[in-house]
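Have a look at data30.cif; it's mmCIF, C-alpha atoms (C1' of nucleotides):
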data_protein
#
loop_
_atom_site.label_atom_id
_atom_site.label_comp_id
_atom_site.auth_asym_id
_atom_site.auth_seq_id
_atom_site.Cartn_x
_atom_site.Cartn_y
_atom_site.Cartn_z
CA MET A 18 -29.64 9.58 4.51
CA ALA A 19 -26.22 9.15 6.05
CA SER A 20 -23.34 7.00 4.89
CA TRP A 21 -20.99 4.92 7.01
CA LEU A 22 -18.03 2.60 6.88
CA MET A 23 -18.00 -0.46 9.11
CA LYS A 24 -14.93 -2.62 9.62
CA THR A 25 -15.03 -6.36 9.90
CA GLU A 26 -12.38 -9.04 9.89
CA PRO A 27 -13.23 -11.28 6.91
CA ASP A 28 -11.91 -14.33 8.77
CA VAL A 29 -14.74 -13.72 11.24
CA CYS A 30 -17.44 -12.20 9.04
CA SER A 31 -16.75 -11.18 5.44
CA PHE A 32 -19.05 -9.31 3.09
CA ASP A 33 -19.82 -12.63 1.40
CA ASP A 34 -20.75 -14.11 4.79
CA ILE A 35 -23.33 -11.34 5.25
CA TRP A 36 -24.56 -11.92 1.70
CA LYS A 37 -25.06 -15.62 2.40
CA ALA A 38 -26.77 -15.11 5.75
CA PRO A 39 -30.55 -15.45 6.05
CA LYS A 40 -32.17 -12.34 4.53
CA ARG A 41 -28.60 -11.23 3.71
CA THR A 42 -28.67 -9.74 7.17
CA THR A 43 -26.48 -10.04 10.24
CA GLY A 44 -26.47 -8.46 13.68
CA TRP A 45 -23.43 -6.23 14.04
CA ASP A 46 -22.45 -7.51 17.46
CA GLY A 47 -19.20 -7.20 19.34
CA VAL A 48 -18.67 -3.45 19.14
CA ARG A 49 -16.95 -2.45 22.39
CA ASN A 50 -16.04 1.15 21.77
CA TYR A 51 -18.22 3.98 23.04
CA GLN A 52 -17.81 6.24 20.04
CA ALA A 53 -18.77 3.47 17.64
CA ARG A 54 -21.68 2.48 19.85
CA ASN A 55 -22.91 6.05 19.94
CA PHE A 56 -22.90 6.24 16.15
CA MET A 57 -25.16 3.18 16.04
CA ARG A 58 -27.37 4.25 18.90
CA ASP A 59 -27.74 7.95 18.21
CA GLN A 60 -27.19 8.55 14.52
CA MET A 61 -27.80 5.50 12.39
CA GLN A 62 -31.16 5.26 10.68
CA VAL A 63 -32.72 2.32 8.92
CA GLY A 64 -31.77 2.62 5.25
CA ASP A 65 -28.45 4.39 5.83
CA GLU A 66 -25.86 3.14 3.36
CA VAL A 67 -22.74 1.35 4.56
CA PHE A 68 -19.43 0.34 3.07
CA ILE A 69 -18.20 -3.00 4.42
CA TYR A 70 -14.45 -2.78 4.99
CA HIS A 71 -12.22 -5.82 5.49
CA SER A 72 -9.60 -5.21 8.17
CA ASN A 73 -6.80 -7.56 9.15
CA ALA A 74 -7.07 -8.88 5.62
CA GLU A 75 -4.72 -9.34 2.69
CA PRO A 76 -5.30 -6.89 1.25
CA PRO A 77 -7.44 -4.70 3.50
CA GLY A 78 -10.12 -2.71 1.69
CA ILE A 79 -13.76 -2.15 0.84
CA ALA A 80 -15.63 -5.21 -0.36
CA GLY A 81 -19.26 -4.23 -0.69
CA ILE A 82 -22.29 -2.11 0.07
CA ALA A 83 -24.80 -2.76 2.80
CA GLN A 84 -27.56 -0.88 4.54
CA VAL A 85 -28.63 -0.38 8.10
CA ALA A 86 -31.56 -2.73 8.61
CA SER A 87 -32.67 -1.99 12.18
CA SER A 88 -32.43 0.64 14.83
CA ALA A 89 -30.05 -0.02 17.70
CA TYR A 90 -30.86 -2.72 20.25
CA PRO A 91 -28.85 -4.40 23.03
CA ASP A 92 -26.02 -6.64 21.84
CA PRO A 93 -26.82 -10.07 23.30
CA THR A 94 -23.18 -11.17 23.39
CA GLN A 95 -22.50 -8.81 26.30
CA PHE A 96 -24.66 -11.06 28.54
CA ASP A 97 -23.11 -14.38 27.48
CA PRO A 98 -20.26 -15.48 29.79
CA THR A 99 -19.01 -17.88 27.11
CA ASP A 100 -18.74 -15.18 24.46
CA PRO A 101 -15.43 -13.40 23.90
CA HIS A 102 -17.33 -10.10 23.99
CA TYR A 103 -18.94 -10.84 27.36
CA ASP A 104 -19.06 -7.78 29.62
CA PRO A 105 -19.61 -8.67 33.28
CA ASP A 106 -20.19 -5.01 34.11
CA SER A 107 -23.22 -4.73 31.84
CA SER A 108 -26.74 -5.70 32.86
CA ARG A 109 -30.00 -6.48 31.09
CA GLU A 110 -31.65 -3.67 33.02
CA SER A 111 -29.08 -1.19 31.74
CA PRO A 112 -27.25 -2.63 28.74
CA ARG A 113 -23.97 -0.99 27.90
CA TRP A 114 -23.48 -2.20 24.33
CA MET A 115 -25.77 -1.87 21.34
CA GLN A 116 -25.85 -3.20 17.81
CA VAL A 117 -27.78 -2.71 14.59
CA ASP A 118 -28.68 -5.19 11.88
CA VAL A 119 -26.81 -4.83 8.60
CA LYS A 120 -28.10 -6.10 5.26
CA ALA A 121 -25.84 -6.75 2.27
CA VAL A 122 -26.97 -4.81 -0.80
CA LYS A 123 -24.31 -5.20 -3.49
CA LYS A 124 -20.84 -6.59 -3.81
CA LEU A 125 -18.51 -4.06 -5.44
CA PRO A 126 -17.60 -5.21 -8.96
CA ARG A 127 -14.03 -4.22 -8.08
CA PHE A 128 -12.67 -4.61 -4.54
CA VAL A 129 -11.18 -1.26 -3.46
CA PRO A 130 -7.96 -1.89 -1.54
CA LEU A 131 -6.68 0.41 1.18
CA ASP A 132 -3.69 1.53 -0.85
CA ALA A 133 -6.01 2.69 -3.64
CA LEU A 134 -8.07 4.66 -1.11
CA ARG A 135 -4.90 6.31 0.15
CA ALA A 136 -3.82 7.12 -3.39
CA ASN A 137 -7.03 9.01 -4.24
CA PRO A 138 -6.66 12.75 -3.46
CA LYS A 139 -10.44 13.05 -3.17
CA LEU A 140 -10.24 10.87 -0.08
CA ALA A 141 -7.40 12.68 1.67
CA GLY A 142 -9.73 13.82 4.45
CA MET A 143 -11.51 10.53 4.92
CA ARG A 144 -11.83 9.52 8.56
CA LEU A 145 -10.74 5.94 7.90
CA LEU A 146 -7.43 7.13 6.48
CA GLN A 147 -6.43 9.50 9.26
CA ARG A 148 -3.32 8.63 11.16
CA GLY A 149 -3.93 6.38 14.11
CA ASN A 150 -7.59 5.82 13.34
CA ARG A 151 -8.87 2.62 14.91
CA LEU A 152 -12.57 3.38 15.07
CA SER A 153 -14.55 0.46 13.64
CA ILE A 154 -17.47 2.63 12.52
CA THR A 155 -16.86 5.95 10.81
CA PRO A 156 -19.05 8.42 8.91
CA VAL A 157 -18.51 8.77 5.15
CA THR A 158 -19.30 12.02 3.35
CA ALA A 159 -21.43 12.09 0.20
CA ALA A 160 -18.40 13.07 -1.89
CA GLU A 161 -16.33 10.22 -0.44
CA TRP A 162 -19.17 7.81 -1.05
CA ARG A 163 -19.40 8.79 -4.74
CA ALA A 164 -15.64 8.62 -5.24
CA ILE A 165 -15.43 5.13 -3.74
CA LEU A 166 -18.39 3.86 -5.76
CA ALA A 167 -16.58 4.97 -8.91
CA MET A 168 -13.41 3.21 -7.79
CA GLY A 169 -15.43 0.07 -7.11
CA GLY A 170 -16.94 0.04 -10.57
CA VAL A 171 -20.48 1.04 -9.62
"C1'" DG B 8 5.19 -11.23 14.83
"C1'" DC B 9 6.12 -6.27 15.46
"C1'" DC B 10 4.79 -2.08 17.06
"C1'" DA B 11 2.56 2.70 16.76
"C1'" DA B 12 -1.47 4.67 18.19
"C1'" DC B 13 -5.13 4.94 21.00
"C1'" DG B 14 -8.81 3.84 24.66
"C1'" DT B 15 -9.58 2.22 29.26
"C1'" DT B 16 -8.48 1.26 33.98
"C1'" DG B 17 -7.26 2.16 38.49
"C1'" DG B 18 -4.02 3.91 42.10
"C1'" DC B 19 -3.11 8.03 44.15
"C1'" DG C 29 -8.43 14.69 38.02
"C1'" DC C 30 -3.85 13.01 36.68
"C1'" DC C 31 -1.32 9.73 34.42
"C1'" DA C 32 1.23 5.21 34.20
"C1'" DA C 33 0.17 0.72 32.97
"C1'" DC C 34 -2.17 -2.18 30.26
"C1'" DG C 35 -4.96 -4.12 26.41
"C1'" DT C 36 -6.50 -3.71 21.68
"C1'" DT C 37 -6.46 -2.49 16.86
"C1'" DG C 38 -4.78 -3.20 12.53
"C1'" DG C 39 -1.30 -2.15 8.91
"C1'" DC C 40 2.92 -3.81 7.66
#

Write out the structure in this file as structure tokens.
Amino acid sequence: MASWLMKTEPDVCSFDDIWKAPKRTTGWDGVRNYQARNFMRDQMQVGDEVFIYHSNAEPPGIAGIAQVASSAYPDPTQFDPTDPHYDPDSSRESPRWMQVDVKAVKKLPRFVPLDALRANPKLAGMRLLQRGNRLSITPVTAAEWRAILAMGGV
DNA sequence: GCCAACGTTGGC
DNA sequence: GCCAACGTTGGC
């Protein structure tokens, strides 16, 4: 089983929003980056564990644990001209953008802020923390996963 | 609101 | 295929 970190802006969709959604599950739509799409399409498996990270937040950081709840399927927002993520160059015959479903599993007893992640030497190599990283979906190693769980009080 | 970093686009 | 221009991300 693989582990991942997925960024979301809590003003748009927070961990609590996923928790409160029907079946605690939401479609992870709106990804418009090929590398992130390829992670979902080619590598994610149902049951993979996911940290939900709040970006553009005060403070930014990891709020909870989720799991991948579906394999990848076409993101419907790419076909909707009224949606901000509409992509006129995509087609239903050959969809460009994919999404997975994500199910909330557990809120971390302690929110783990970005500055705490940066301060932990065990996480020095973490993809999220590398200079200039903007990727909204990144792999998490088993050691990183364990270290962050401990920081979050699990 | 600023701006560094990065991905994408499109002219050539 | 190069690369300048542009748009976006996301911490601060």

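Run against this file, the PyMOL selection byres ((chain B) within 8 of (chain A)) gives back B:DA11, B:DA12, B:DC13.
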
Do a neighbour search on Trp114 of chain A at 9 Å with all atoms listed in the file, toss out local chain neighbours closer than 5 positions, and write the hits as number ranges by chain. A: 46-51, 54, 90-93, 95, 104, 107

Convert the output of the PyMOL selection byres ((chain B and resi 16) around 10) on the shown file into explicit residues, formatted as a PyMOL selection string. (chain B and resi 14-15+17-18) or (chain C and resi 33-35)

For the atom pair atom CA of Met61 of chain A and atom CA of Glu110 of chain A, what is the interatomic distance in Å to one decimal place?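 Going from atom CA of Met61 of chain A over to atom CA of Glu110 of chain A covers 22.9 Å.
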
So for segment 29-37 of chain C, what box centre and size do we get, axis-aligned, 8 Å extra on each of the six sides, every listed atom, Å to one decimal, as JSON?
{"center_x": -3.6, "center_y": 5.3, "center_z": 27.4, "size_x": 25.7, "size_y": 34.8, "size_z": 37.2}

Determine the residue set returned by the PyMOL selection byres ((chain B and resi 8) around 12) for the present structure, and present it as a ChimeraX atom specification. /B:9-10 /C:40

Can you measure atom CA of Gly64 of chain A to atom CA of Gly78 of chain A for me? One decimal in Å is fine.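 These atoms are spaced 22.6 Å apart.
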
In Å and to one decimal, atom CA of Met23 of chain A is distant from atom CA of His71 of chain A by 8.7 Å

Complete segment 132-143 of chain A with all heavy atoms (output as a PDB file, in the frame of the given file).
ATOM      1  N   ASP A 132      -4.709   0.693  -0.207  1.00  0.00           N
ATOM      2  CA  ASP A 132      -3.690   1.530  -0.850  1.00  0.00           C
ATOM      3  C   ASP A 132      -4.288   2.385  -1.964  1.00  0.00           C
ATOM      4  O   ASP A 132      -3.833   3.504  -2.196  1.00  0.00           O
ATOM      5  CB  ASP A 132      -2.470   0.707  -1.319  1.00  0.00           C
ATOM      6  CG  ASP A 132      -2.839  -0.419  -2.276  1.00  0.00           C
ATOM      7  OD1 ASP A 132      -4.024  -0.531  -2.638  1.00  0.00           O
ATOM      8  OD2 ASP A 132      -1.937  -1.179  -2.655  1.00  0.00           O
ATOM      9  N   ALA A 133      -5.337   1.884  -2.620  1.00  0.00           N
ATOM     10  CA  ALA A 133      -6.010   2.690  -3.640  1.00  0.00           C
ATOM     11  C   ALA A 133      -6.784   3.842  -2.987  1.00  0.00           C
ATOM     12  O   ALA A 133      -6.809   4.958  -3.508  1.00  0.00           O
ATOM     13  CB  ALA A 133      -6.958   1.825  -4.460  1.00  0.00           C
ATOM     14  N   LEU A 134      -7.388   3.587  -1.836  1.00  0.00           N
ATOM     15  CA  LEU A 134      -8.070   4.660  -1.110  1.00  0.00           C
ATOM     16  C   LEU A 134      -7.066   5.755  -0.762  1.00  0.00           C
ATOM     17  O   LEU A 134      -7.312   6.947  -0.957  1.00  0.00           O
ATOM     18  CB  LEU A 134      -8.714   4.120   0.164  1.00  0.00           C
ATOM     19  CG  LEU A 134      -9.861   3.121  -0.021  1.00  0.00           C
ATOM     20  CD1 LEU A 134     -10.256   2.515   1.330  1.00  0.00           C
ATOM     21  CD2 LEU A 134     -11.078   3.781  -0.654  1.00  0.00           C
ATOM     22  N   ARG A 135      -5.929   5.339  -0.243  1.00  0.00           N
ATOM     23  CA  ARG A 135      -4.900   6.310   0.150  1.00  0.00           C
ATOM     24  C   ARG A 135      -4.368   7.091  -1.037  1.00  0.00           C
ATOM     25  O   ARG A 135      -3.927   8.238  -0.894  1.00  0.00           O
ATOM     26  CB  ARG A 135      -3.731   5.601   0.844  1.00  0.00           C
ATOM     27  CG  ARG A 135      -4.071   5.064   2.216  1.00  0.00           C
ATOM     28  CD  ARG A 135      -2.805   4.780   3.015  1.00  0.00           C
ATOM     29  NE  ARG A 135      -3.086   4.090   4.262  1.00  0.00           N
ATOM     30  CZ  ARG A 135      -3.599   4.676   5.347  1.00  0.00           C
ATOM     31  NH1 ARG A 135      -3.879   5.963   5.319  1.00  0.00           N
ATOM     32  NH2 ARG A 135      -3.837   3.977   6.434  1.00  0.00           N
ATOM     33  N   ALA A 136      -4.396   6.484  -2.210  1.00  0.00           N
ATOM     34  CA  ALA A 136      -3.820   7.120  -3.390  1.00  0.00           C
ATOM     35  C   ALA A 136      -4.786   8.109  -4.040  1.00  0.00           C
ATOM     36  O   ALA A 136      -4.390   8.848  -4.942  1.00  0.00           O
ATOM     37  CB  ALA A 136      -3.399   6.055  -4.403  1.00  0.00           C
ATOM     38  N   ASN A 137      -6.036   8.128  -3.613  1.00  0.00           N
ATOM     39  CA  ASN A 137      -7.030   9.010  -4.240  1.00  0.00           C
ATOM     40  C   ASN A 137      -7.093  10.337  -3.488  1.00  0.00           C
ATOM     41  O   ASN A 137      -7.531  10.386  -2.349  1.00  0.00           O
ATOM     42  CB  ASN A 137      -8.399   8.322  -4.214  1.00  0.00           C
ATOM     43  CG  ASN A 137      -9.440   9.114  -5.001  1.00  0.00           C
ATOM     44  OD1 ASN A 137      -9.292  10.319  -5.214  1.00  0.00           O
ATOM     45  ND2 ASN A 137     -10.484   8.426  -5.434  1.00  0.00           N
ATOM     46  N   PRO A 138      -6.681  11.433  -4.142  1.00  0.00           N
ATOM     47  CA  PRO A 138      -6.660  12.750  -3.460  1.00  0.00           C
ATOM     48  C   PRO A 138      -8.030  13.176  -2.960  1.00  0.00           C
ATOM     49  O   PRO A 138      -8.122  13.909  -1.975  1.00  0.00           O
ATOM     50  CB  PRO A 138      -6.173  13.707  -4.560  1.00  0.00           C
ATOM     51  CG  PRO A 138      -5.591  12.859  -5.641  1.00  0.00           C
ATOM     52  CD  PRO A 138      -6.221  11.501  -5.535  1.00  0.00           C
ATOM     53  N   LYS A 139      -9.097  12.695  -3.609  1.00  0.00           N
ATOM     54  CA  LYS A 139     -10.440  13.050  -3.170  1.00  0.00           C
ATOM     55  C   LYS A 139     -10.745  12.508  -1.781  1.00  0.00           C
ATOM     56  O   LYS A 139     -11.689  12.952  -1.124  1.00  0.00           O
ATOM     57  CB  LYS A 139     -11.483  12.495  -4.146  1.00  0.00           C
ATOM     58  CG  LYS A 139     -11.500  13.174  -5.499  1.00  0.00           C
ATOM     59  CD  LYS A 139     -12.569  12.535  -6.385  1.00  0.00           C
ATOM     60  CE  LYS A 139     -12.586  13.183  -7.776  1.00  0.00           C
ATOM     61  NZ  LYS A 139     -13.426  12.407  -8.707  1.00  0.00           N
ATOM     62  N   LEU A 140      -9.969  11.529  -1.355  1.00  0.00           N
ATOM     63  CA  LEU A 140     -10.240  10.870  -0.080  1.00  0.00           C
ATOM     64  C   LEU A 140      -9.241  11.257   1.008  1.00  0.00           C
ATOM     65  O   LEU A 140      -9.178  10.622   2.067  1.00  0.00           O
ATOM     66  CB  LEU A 140     -10.236   9.345  -0.260  1.00  0.00           C
ATOM     67  CG  LEU A 140     -11.237   8.825  -1.296  1.00  0.00           C
ATOM     68  CD1 LEU A 140     -11.115   7.312  -1.448  1.00  0.00           C
ATOM     69  CD2 LEU A 140     -12.672   9.199  -0.912  1.00  0.00           C
ATOM     70  N   ALA A 141      -8.475  12.308   0.734  1.00  0.00           N
ATOM     71  CA  ALA A 141      -7.400  12.680   1.670  1.00  0.00           C
ATOM     72  C   ALA A 141      -7.949  12.961   3.067  1.00  0.00           C
ATOM     73  O   ALA A 141      -7.273  12.729   4.067  1.00  0.00           O
ATOM     74  CB  ALA A 141      -6.642  13.888   1.140  1.00  0.00           C
ATOM     75  N   GLY A 142      -9.182  13.475   3.142  1.00  0.00           N
ATOM     76  CA  GLY A 142      -9.730  13.820   4.450  1.00  0.00           C
ATOM     77  C   GLY A 142     -10.568  12.718   5.083  1.00  0.00           C
ATOM     78  O   GLY A 142     -11.150  12.916   6.148  1.00  0.00           O
ATOM     79  N   MET A 143     -10.621  11.589   4.441  1.00  0.00           N
ATOM     80  CA  MET A 143     -11.510  10.530   4.920  1.00  0.00           C
ATOM     81  C   MET A 143     -11.086  10.043   6.308  1.00  0.00           C
ATOM     82  O   MET A 143      -9.899   9.815   6.576  1.00  0.00           O
ATOM     83  CB  MET A 143     -11.480   9.362   3.930  1.00  0.00           C
ATOM     84  CG  MET A 143     -12.574   8.349   4.155  1.00  0.00           C
ATOM     85  SD  MET A 143     -12.521   7.082   2.864  1.00  0.00           S
ATOM     86  CE  MET A 143     -13.795   5.990   3.491  1.00  0.00           C
TER      87      MET A 143
END
